[in-house]
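S.K.: The structure file structure_19.pdb (PDB, C-alpha atoms) is provided below.
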```
ATOM      1  CA  MET L1105     117.466  91.224  99.156  1.00  0.00           C
ATOM      2  CA  THR L1106     118.422  93.812  96.609  1.00  0.00           C
ATOM      3  CA  ILE L1107     116.588  97.114  96.535  1.00  0.00           C
ATOM      4  CA  LYS L1108     116.755  99.079  93.288  1.00  0.00           C
ATOM      5  CA  LYS L1109     115.220 102.240  91.935  1.00  0.00           C
ATOM      6  CA  SER L1110     112.245 101.554  89.715  1.00  0.00           C
ATOM      7  CA  LYS L1111     110.741 103.831  87.052  1.00  0.00           C
ATOM      8  CA  LYS L1112     107.296 103.027  88.375  1.00  0.00           C
ATOM      9  CA  LYS L1113     108.055 103.547  92.061  1.00  0.00           C
ATOM     10  CA  ASP L1114     110.983 104.370  94.270  1.00  0.00           C
ATOM     11  CA  ILE L1115     111.340 100.748  95.323  1.00  0.00           C
ATOM     12  CA  CYS L1116     112.169  97.418  93.787  1.00  0.00           C
ATOM     13  CA  VAL L1117     113.048  94.222  95.631  1.00  0.00           C
ATOM     14  CA  ASP L1118     114.565  91.176  93.965  1.00  0.00           C
ATOM     15  CA  PHE L1119     112.537  88.494  95.701  1.00  0.00           C
ATOM     16  CA  ARG L1120     114.346  85.219  96.132  1.00  0.00           C
ATOM     17  CA  ARG L1121     113.194  81.653  95.879  1.00  0.00           C
ATOM     18  CA  VAL L1122     114.883  78.645  97.343  1.00  0.00           C
ATOM     19  CA  GLU L1123     113.443  76.375  94.664  1.00  0.00           C
ATOM     20  CA  PHE L1124     109.867  75.846  95.936  1.00  0.00           C
ATOM     21  CA  ILE L1125     110.037  78.243  98.921  1.00  0.00           C
ATOM     22  CA  ASP L1126     109.159  81.778  97.779  1.00  0.00           C
ATOM     23  CA  GLU L1127     110.179  84.828  99.788  1.00  0.00           C
ATOM     24  CA  ARG L1128     106.932  86.635  98.907  1.00  0.00           C
ATOM     25  CA  TYR L1129     104.855  83.831 100.347  1.00  0.00           C
ATOM     26  CA  GLU L1130     106.899  83.669 103.544  1.00  0.00           C
ATOM     27  CA  LEU L1131     106.602  87.453 103.915  1.00  0.00           C
ATOM     28  CA  VAL L1132     102.820  87.319 103.675  1.00  0.00           C
ATOM     29  CA  ALA L1133     102.802  84.295 106.012  1.00  0.00           C
ATOM     30  CA  ALA L1134     104.764  86.222 108.656  1.00  0.00           C
ATOM     31  CA  VAL L1135     102.297  89.114 108.574  1.00  0.00           C
ATOM     32  CA  ALA L1136      99.342  86.694 108.618  1.00  0.00           C
ATOM     33  CA  LYS L1137     100.778  84.844 111.616  1.00  0.00           C
ATOM     34  CA  LEU L1138     101.267  88.079 113.541  1.00  0.00           C
ATOM     35  CA  ALA L1139      97.675  89.046 112.718  1.00  0.00           C
ATOM     36  CA  ASN L1140      96.484  85.604 113.892  1.00  0.00           C
ATOM     37  CA  THR L1141      94.700  85.247 110.551  1.00  0.00           C
ATOM     38  CA  ILE L1142      92.379  82.275 110.162  1.00  0.00           C
ATOM     39  CA  GLY L1143      94.182  79.484 108.353  1.00  0.00           C
ATOM     40  CA  TRP L1144      97.597  80.913 109.258  1.00  0.00           C
ATOM     41  CA  ASN L1145      97.535  80.812 113.058  1.00  0.00           C
ATOM     42  CA  ASP L1146      99.088  77.405 113.865  1.00  0.00           C
ATOM     43  CA  LYS L1147     102.138  77.831 116.114  1.00  0.00           C
ATOM     44  CA  GLU L1148     103.331  74.235 116.253  1.00  0.00           C
ATOM     45  CA  SER L1149     106.693  74.079 114.482  1.00  0.00           C
ATOM     46  CA  GLN L1150     110.012  75.536 115.563  1.00  0.00           C
ATOM     47  CA  TYR L1151     110.078  77.611 112.371  1.00  0.00           C
ATOM     48  CA  GLN L1152     106.745  79.173 113.247  1.00  0.00           C
ATOM     49  CA  LYS L1153     107.984  79.924 116.763  1.00  0.00           C
ATOM     50  CA  ASP L1154     111.159  81.450 115.269  1.00  0.00           C
ATOM     51  CA  MET L1155     108.999  83.569 112.995  1.00  0.00           C
ATOM     52  CA  LEU L1156     106.813  84.860 115.821  1.00  0.00           C
ATOM     53  CA  ASN L1157     109.858  85.540 117.987  1.00  0.00           C
ATOM     54  CA  TYR L1158     111.838  87.313 115.228  1.00  0.00           C
ATOM     55  CA  PHE L1159     108.911  89.554 114.284  1.00  0.00           C
ATOM     56  CA  SER L1160     107.435  90.054 117.776  1.00  0.00           C
ATOM     57  CA  ASN L1161     108.265  93.777 117.730  1.00  0.00           C
ATOM     58  CA  MET L1162     106.228  94.128 114.499  1.00  0.00           C
ATOM     59  CA  SER L1163     102.882  92.969 115.948  1.00  0.00           C
ATOM     60  CA  ASN L1164     101.461  96.524 115.786  1.00  0.00           C
ATOM     61  CA  HIS L1165     102.704  97.244 112.282  1.00  0.00           C
ATOM     62  CA  LYS L1166     100.216  98.641 109.728  1.00  0.00           C
ATOM     63  CA  ALA L1167     100.398  95.479 107.584  1.00  0.00           C
ATOM     64  CA  VAL L1168      99.432  93.354 110.599  1.00  0.00           C
ATOM     65  CA  LYS L1169      96.662  95.755 111.589  1.00  0.00           C
ATOM     66  CA  PHE L1170      95.373  95.691 108.001  1.00  0.00           C
ATOM     67  CA  LEU L1171      94.912  91.918 108.123  1.00  0.00           C
ATOM     68  CA  LYS L1172      93.384  92.063 111.602  1.00  0.00           C
ATOM     69  CA  LYS L1173      90.858  94.633 110.371  1.00  0.00           C
ATOM     70  CA  ASN L1174      90.122  92.818 107.090  1.00  0.00           C
ATOM     71  CA  LYS L1175      89.311  89.376 108.459  1.00  0.00           C
ATOM     72  CA  ILE L1176      87.900  88.257 105.098  1.00  0.00           C
ATOM     73  CA  LEU L1177      91.511  87.986 103.889  1.00  0.00           C
ATOM     74  CA  CYS L1178      92.279  84.496 105.095  1.00  0.00           C
ATOM     75  CA  TYR L1179      93.218  81.087 103.745  1.00  0.00           C
ATOM     76  CA  ASN L1180      93.909  81.189  99.975  1.00  0.00           C
ATOM     77  CA  ALA L1181      93.318  84.941  99.566  1.00  0.00           C
ATOM     78  CA  LEU L1182      96.762  85.502 101.051  1.00  0.00           C
ATOM     79  CA  LEU L1183      98.316  83.050  98.630  1.00  0.00           C
ATOM     80  CA  ASP L1184      96.839  85.139  95.807  1.00  0.00           C
ATOM     81  CA  ILE L1185      98.560  88.333  96.922  1.00  0.00           C
ATOM     82  CA  SER L1186     101.901  86.619  97.398  1.00  0.00           C
ATOM     83  CA  VAL L1187     102.055  84.986  93.964  1.00  0.00           C
ATOM     84  CA  ASN L1188     100.829  88.176  92.271  1.00  0.00           C
ATOM     85  CA  LEU L1189     103.246  90.487  94.095  1.00  0.00           C
ATOM     86  CA  GLN L1190     105.878  92.000  91.816  1.00  0.00           C
ATOM     87  CA  ASN L1191     109.314  93.277  92.803  1.00  0.00           C
ATOM     88  CA  ASP L1192     108.033  96.850  93.055  1.00  0.00           C
ATOM     89  CA  PHE L1193     105.259  95.721  95.425  1.00  0.00           C
ATOM     90  CA  THR L1194     102.521  96.168  92.849  1.00  0.00           C
ATOM     91  CA  VAL L1195     100.123  93.379  91.943  1.00  0.00           C
ATOM     92  CA  ILE L1196     100.343  91.624  88.569  1.00  0.00           C
ATOM     93  CA  ASP L1197      96.663  90.885  87.960  1.00  0.00           C
ATOM     94  CA  VAL L1198      94.026  91.875  90.502  1.00  0.00           C
ATOM     95  CA  ASN L1199      91.271  90.431  88.315  1.00  0.00           C
ATOM     96  CA  SER L1200      92.707  86.922  88.569  1.00  0.00           C
ATOM     97  CA  MET L1201      92.793  87.094  92.349  1.00  0.00           C
ATOM     98  CA  ASP L1202      90.273  85.909  94.887  1.00  0.00           C
ATOM     99  CA  SER L1203      87.208  88.179  94.954  1.00  0.00           C
ATOM    100  CA  ARG L1204      87.849  89.087  98.617  1.00  0.00           C
ATOM    101  CA  TRP L1205      90.648  91.388  97.437  1.00  0.00           C
ATOM    102  CA  LYS L1206      88.102  93.549  95.600  1.00  0.00           C
ATOM    103  CA  ALA L1207      86.620  94.540  98.956  1.00  0.00           C
ATOM    104  CA  VAL L1208      89.855  96.043 100.324  1.00  0.00           C
ATOM    105  CA  ASN L1209      92.509  98.556  99.316  1.00  0.00           C
ATOM    106  CA  ILE L1210      95.270  96.376  97.831  1.00  0.00           C
ATOM    107  CA  LYS L1211      97.567  99.346  97.240  1.00  0.00           C
ATOM    108  CA  SER L1212      97.504 100.190 100.939  1.00  0.00           C
ATOM    109  CA  PHE L1213      98.286  96.610 101.878  1.00  0.00           C
ATOM    110  CA  THR L1214     101.208  96.311  99.464  1.00  0.00           C
ATOM    111  CA  LYS L1215     102.573  99.652 100.720  1.00  0.00           C
ATOM    112  CA  TYR L1216     102.356  98.366 104.308  1.00  0.00           C
ATOM    113  CA  LEU L1217     103.858  95.034 103.258  1.00  0.00           C
ATOM    114  CA  TYR L1218     106.880  96.794 101.753  1.00  0.00           C
ATOM    115  CA  ASP L1219     107.307  98.829 104.931  1.00  0.00           C
ATOM    116  CA  PHE L1220     107.114  95.630 107.001  1.00  0.00           C
ATOM    117  CA  TYR L1221     109.695  93.986 104.722  1.00  0.00           C
ATOM    118  CA  ILE L1222     112.198  96.810 105.255  1.00  0.00           C
ATOM    119  CA  LYS L1223     111.594  97.650 108.920  1.00  0.00           C
ATOM    120  CA  SER L1224     111.566  94.036 110.083  1.00  0.00           C
ATOM    121  CA  ASN L1225     114.649  93.071 108.042  1.00  0.00           C
ATOM    122  CA  PHE L1226     112.618  90.260 106.545  1.00  0.00           C
ATOM    123  CA  ALA L1227     115.494  89.450 104.182  1.00  0.00           C
ATOM    124  CA  GLY L1228     117.659  88.670 107.220  1.00  0.00           C
ATOM    125  CA  PHE L1229     115.055  86.249 108.547  1.00  0.00           C
ATOM    126  CA  PHE L1230     114.669  84.586 105.151  1.00  0.00           C
ATOM    127  CA  ASN L1231     118.438  84.221 104.725  1.00  0.00           C
ATOM    128  CA  SER L1232     118.867  82.771 108.212  1.00  0.00           C
ATOM    129  CA  HIS L1233     116.577  79.861 107.342  1.00  0.00           C
ATOM    130  CA  SER L1234     118.039  78.966 103.939  1.00  0.00           C
ATOM    131  CA  GLU L1235     119.391  75.584 105.106  1.00  0.00           C
ATOM    132  CA  SER L1236     115.976  74.597 106.457  1.00  0.00           C
ATOM    133  CA  TYR L1237     114.332  75.735 103.234  1.00  0.00           C
ATOM    134  CA  GLN L1238     116.749  73.611 101.213  1.00  0.00           C
ATOM    135  CA  ALA L1239     116.001  70.530 103.342  1.00  0.00           C
ATOM    136  CA  ALA L1240     112.267  71.135 102.895  1.00  0.00           C
ATOM    137  CA  ASN L1241     112.765  71.585  99.157  1.00  0.00           C
ATOM    138  CA  ASN L1242     114.625  68.294  98.912  1.00  0.00           C
ATOM    139  CA  PHE L1243     111.820  66.541 100.772  1.00  0.00           C
ATOM    140  CA  PHE L1244     109.117  68.117  98.606  1.00  0.00           C
ATOM    141  CA  LYS L1245     111.001  67.410  95.385  1.00  0.00           C
ATOM    142  CA  THR L1246     111.580  63.720  96.099  1.00  0.00           C
ATOM    143  CA  LYS L1247     108.265  62.951  97.815  1.00  0.00           C
ATOM    144  CA  VAL L1248     105.893  65.065  95.698  1.00  0.00           C
ATOM    145  CA  TRP L1249     107.248  66.960  92.680  1.00  0.00           C
ATOM    146  CA  ASP L1250     109.224  64.075  91.165  1.00  0.00           C
ATOM    147  CA  LYS L1251     106.118  61.866  91.381  1.00  0.00           C
ATOM    148  CA  VAL L1252     103.777  64.221  89.496  1.00  0.00           C
ATOM    149  CA  ASP L1253     102.569  62.812  86.181  1.00  0.00           C
ATOM    150  CA  PHE L1254     103.229  65.856  83.987  1.00  0.00           C
ATOM    151  CA  SER L1255     102.028  64.021  80.885  1.00  0.00           C
ATOM    152  CA  TRP L1256      98.548  63.962  82.446  1.00  0.00           C
ATOM    153  CA  PHE L1257      98.754  67.694  83.251  1.00  0.00           C
ATOM    154  CA  SER L1258      99.912  68.486  79.717  1.00  0.00           C
ATOM    155  CA  LYS L1259      96.458  67.529  78.449  1.00  0.00           C
ATOM    156  CA  TYR L1260      95.027  70.490  80.341  1.00  0.00           C
ATOM    157  CA  VAL L1261      97.777  73.091  80.901  1.00  0.00           C
ATOM    158  CA  GLU L1262     101.103  74.180  79.448  1.00  0.00           C
ATOM    159  CA  THR L1263     103.448  72.234  81.746  1.00  0.00           C
ATOM    160  CA  SER L1264     106.558  74.208  80.812  1.00  0.00           C
ATOM    161  CA  LYS L1265     105.052  77.091  82.795  1.00  0.00           C
ATOM    162  CA  LEU L1266     103.852  74.941  85.679  1.00  0.00           C
ATOM    163  CA  HIS L1267     105.604  75.547  88.962  1.00  0.00           C
ATOM    164  CA  ALA L1268     104.908  74.996  92.624  1.00  0.00           C
ATOM    165  CA  ILE L1269     105.241  77.295  95.579  1.00  0.00           C
ATOM    166  CA  TYR L1270     104.549  76.249  99.112  1.00  0.00           C
ATOM    167  CA  SER L1271     105.002  77.914 102.437  1.00  0.00           C
ATOM    168  CA  PHE L1272     107.613  76.591 104.791  1.00  0.00           C
ATOM    169  CA  CYS L1273     105.627  78.368 107.468  1.00  0.00           C
ATOM    170  CA  GLU L1274     102.717  75.991 106.997  1.00  0.00           C
ATOM    171  CA  ILE L1275     104.725  72.760 107.084  1.00  0.00           C
ATOM    172  CA  ARG L1276     104.078  70.876 110.298  1.00  0.00           C
ATOM    173  CA  LYS L1277     107.185  69.958 112.264  1.00  0.00           C
ATOM    174  CA  ARG L1278     106.498  66.229 111.894  1.00  0.00           C
ATOM    175  CA  SER L1279     106.123  66.489 108.109  1.00  0.00           C
ATOM    176  CA  ILE L1280     109.800  66.578 107.243  1.00  0.00           C
ATOM    177  CA  ARG L1281     112.521  64.418 108.730  1.00  0.00           C
ATOM    178  CA  SER L1282     116.168  65.243 108.443  1.00  0.00           C
ATOM    179  CA  LYS L1283     118.828  62.606 109.165  1.00  0.00           C
ATOM    180  CA  SER L1284     121.134  65.137 110.802  1.00  0.00           C
ATOM    181  CA  THR L1285     118.697  67.022 113.026  1.00  0.00           C
ATOM    182  CA  GLY L1286     115.698  64.708 113.440  1.00  0.00           C
ATOM    183  CA  SER L1287     113.079  67.116 112.170  1.00  0.00           C
ATOM    184  CA  ILE L1288     112.685  70.559 110.732  1.00  0.00           C
TER     185      ILE L1288
END
```
Render the structure in this file as structure tokens.
M.R.:
Amino acid sequence: MTIKKSKKKDICVDFRRVEFIDERYELVAAVAKLANTIGWNDKESQYQKDMLNYFSNMSNHKAVKFLKKNKILCYNALLDISVNLQNDFTVIDVNSMDSRWKAVNIKSFTKYLYDFYIKSNFAGFFNSHSESYQAANNFFKTKVWDKVDFSWFSKYVETSKLHAIYSFCEIRKRSIRSKSTGSI
């Protein structure tokens, strides 16, 4: 994580991606898991257990309380905030997001999310799982991404701008096999 001064705000984080695994998405997933948010509350994999253990002291954080209070923010609504979150913790395009976000104070949530990111040392957690992310990326690339027929997509969308993001947090432990460790 790199924090810089921004003209717009006092903060700016250079979010990282390990190919298909996006730090913003994992950040939102961690908060959602702590809030026991519907669609994000599976605790099956070792990664999910690591996440809950690492962030256990953050269970009363304002970002977690925000999601607990605003139960309408579940499932894909949380994906919307993560992919629209900019480095200064502002949102790119609220109008393109799920309508459930119009019922809550997004600025408060992003402020709390930034605070969670710093106080929890989320960057440390993300960095500590980079090898697992890379193994998951390799699996996803060979089993899914490399098999996508982009010529079909090009009839409907500009494929040069097409990219995928998925949450390592939501991958079941039996989904990915690693020759060296058995499973991730």
S.K.: May I ask for the distance between CA of Ala1207 (chain L) and CA of Lys1223 (chain L), given in Å to one decimal place?
M.R.: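 About the pair CA of Ala1207 (chain L) and CA of Lys1223 (chain L): they are 27.1 Å apart.
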S.K.: L:Arg1204, L:Lys1169, L:Arg1128, L:His1233: which is nearest Gln1152 (chain L), counting all atoms listed in the file?
M.R.: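 The shortest atom-to-atom distance to Gln1152 (chain L) comes from L:His1233.
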S.K.: Output the residue selection produced by the PyMOL selection byres ((chain L and resi 1193) around 10) on the file above, formatted as a PDB file with C-alpha atoms, in the frame of the given file.
M.R.:
```pdb
ATOM      1  CA  LYS L1113     108.055 103.547  92.061  1.00  0.00           C
ATOM      2  CA  ILE L1115     111.340 100.748  95.323  1.00  0.00           C
ATOM      3  CA  CYS L1116     112.169  97.418  93.787  1.00  0.00           C
ATOM      4  CA  VAL L1117     113.048  94.222  95.631  1.00  0.00           C
ATOM      5  CA  ARG L1128     106.932  86.635  98.907  1.00  0.00           C
ATOM      6  CA  SER L1186     101.901  86.619  97.398  1.00  0.00           C
ATOM      7  CA  ASN L1188     100.829  88.176  92.271  1.00  0.00           C
ATOM      8  CA  LEU L1189     103.246  90.487  94.095  1.00  0.00           C
ATOM      9  CA  GLN L1190     105.878  92.000  91.816  1.00  0.00           C
ATOM     10  CA  ASN L1191     109.314  93.277  92.803  1.00  0.00           C
ATOM     11  CA  ASP L1192     108.033  96.850  93.055  1.00  0.00           C
ATOM     12  CA  THR L1194     102.521  96.168  92.849  1.00  0.00           C
ATOM     13  CA  VAL L1195     100.123  93.379  91.943  1.00  0.00           C
ATOM     14  CA  ILE L1196     100.343  91.624  88.569  1.00  0.00           C
ATOM     15  CA  LYS L1211      97.567  99.346  97.240  1.00  0.00           C
ATOM     16  CA  PHE L1213      98.286  96.610 101.878  1.00  0.00           C
ATOM     17  CA  THR L1214     101.208  96.311  99.464  1.00  0.00           C
ATOM     18  CA  LYS L1215     102.573  99.652 100.720  1.00  0.00           C
ATOM     19  CA  TYR L1216     102.356  98.366 104.308  1.00  0.00           C
ATOM     20  CA  LEU L1217     103.858  95.034 103.258  1.00  0.00           C
ATOM     21  CA  TYR L1218     106.880  96.794 101.753  1.00  0.00           C
TER      22      TYR L1218
END
```
S.K.: Taking all atoms listed in the file into account, name the residue in L:Asn1209, L:Lys1153, L:Tyr1158, L:Ala1136 that is nearest to Asn1225 (chain L).
M.R.: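 For Asn1225 (chain L), the nearest of the candidates is L:Tyr1158.
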S.K.: Using only C-alpha atoms, can you list as a PyMOL selection string the residues within 12 Å of (111.0, 93.0, 107.6)?
M.R.: chain L and resi 1105+1127-1128+1130-1132+1134-1135+1155+1158-1163+1165+1167-1168+1216-1231
S.K.: Measuring atom to atom with all atoms listed in the file, identify which of L:Leu1171, L:Val1248, L:Ala1133, L:Val1198 is nearest to Leu1156 (chain L).
M.R.: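 Counting all atoms listed in the file, the residue closest to Leu1156 (chain L) is L:Ala1133.
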S.K.: Return the single residue from L:Val1187, L:Ala1139, L:Leu1182, L:Gln1238 that is closest to Ser1203 (chain L), with distances computed using all atoms listed in the file.
M.R.: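 Ranking L:Val1187, L:Ala1139, L:Leu1182, L:Gln1238 by distance to Ser1203 (chain L), first place goes to L:Leu1182.
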S.K.: Could you write out as an NGL selection string the residues that the PyMOL selection byres ((chain L and resi 1179) around 12) matches in the shown file?
M.R.: :L and (1132-1133 or 1136-1137 or 1140-1145 or 1171 or 1175-1178 or 1180-1185 or 1202 or 1204 or 1274)
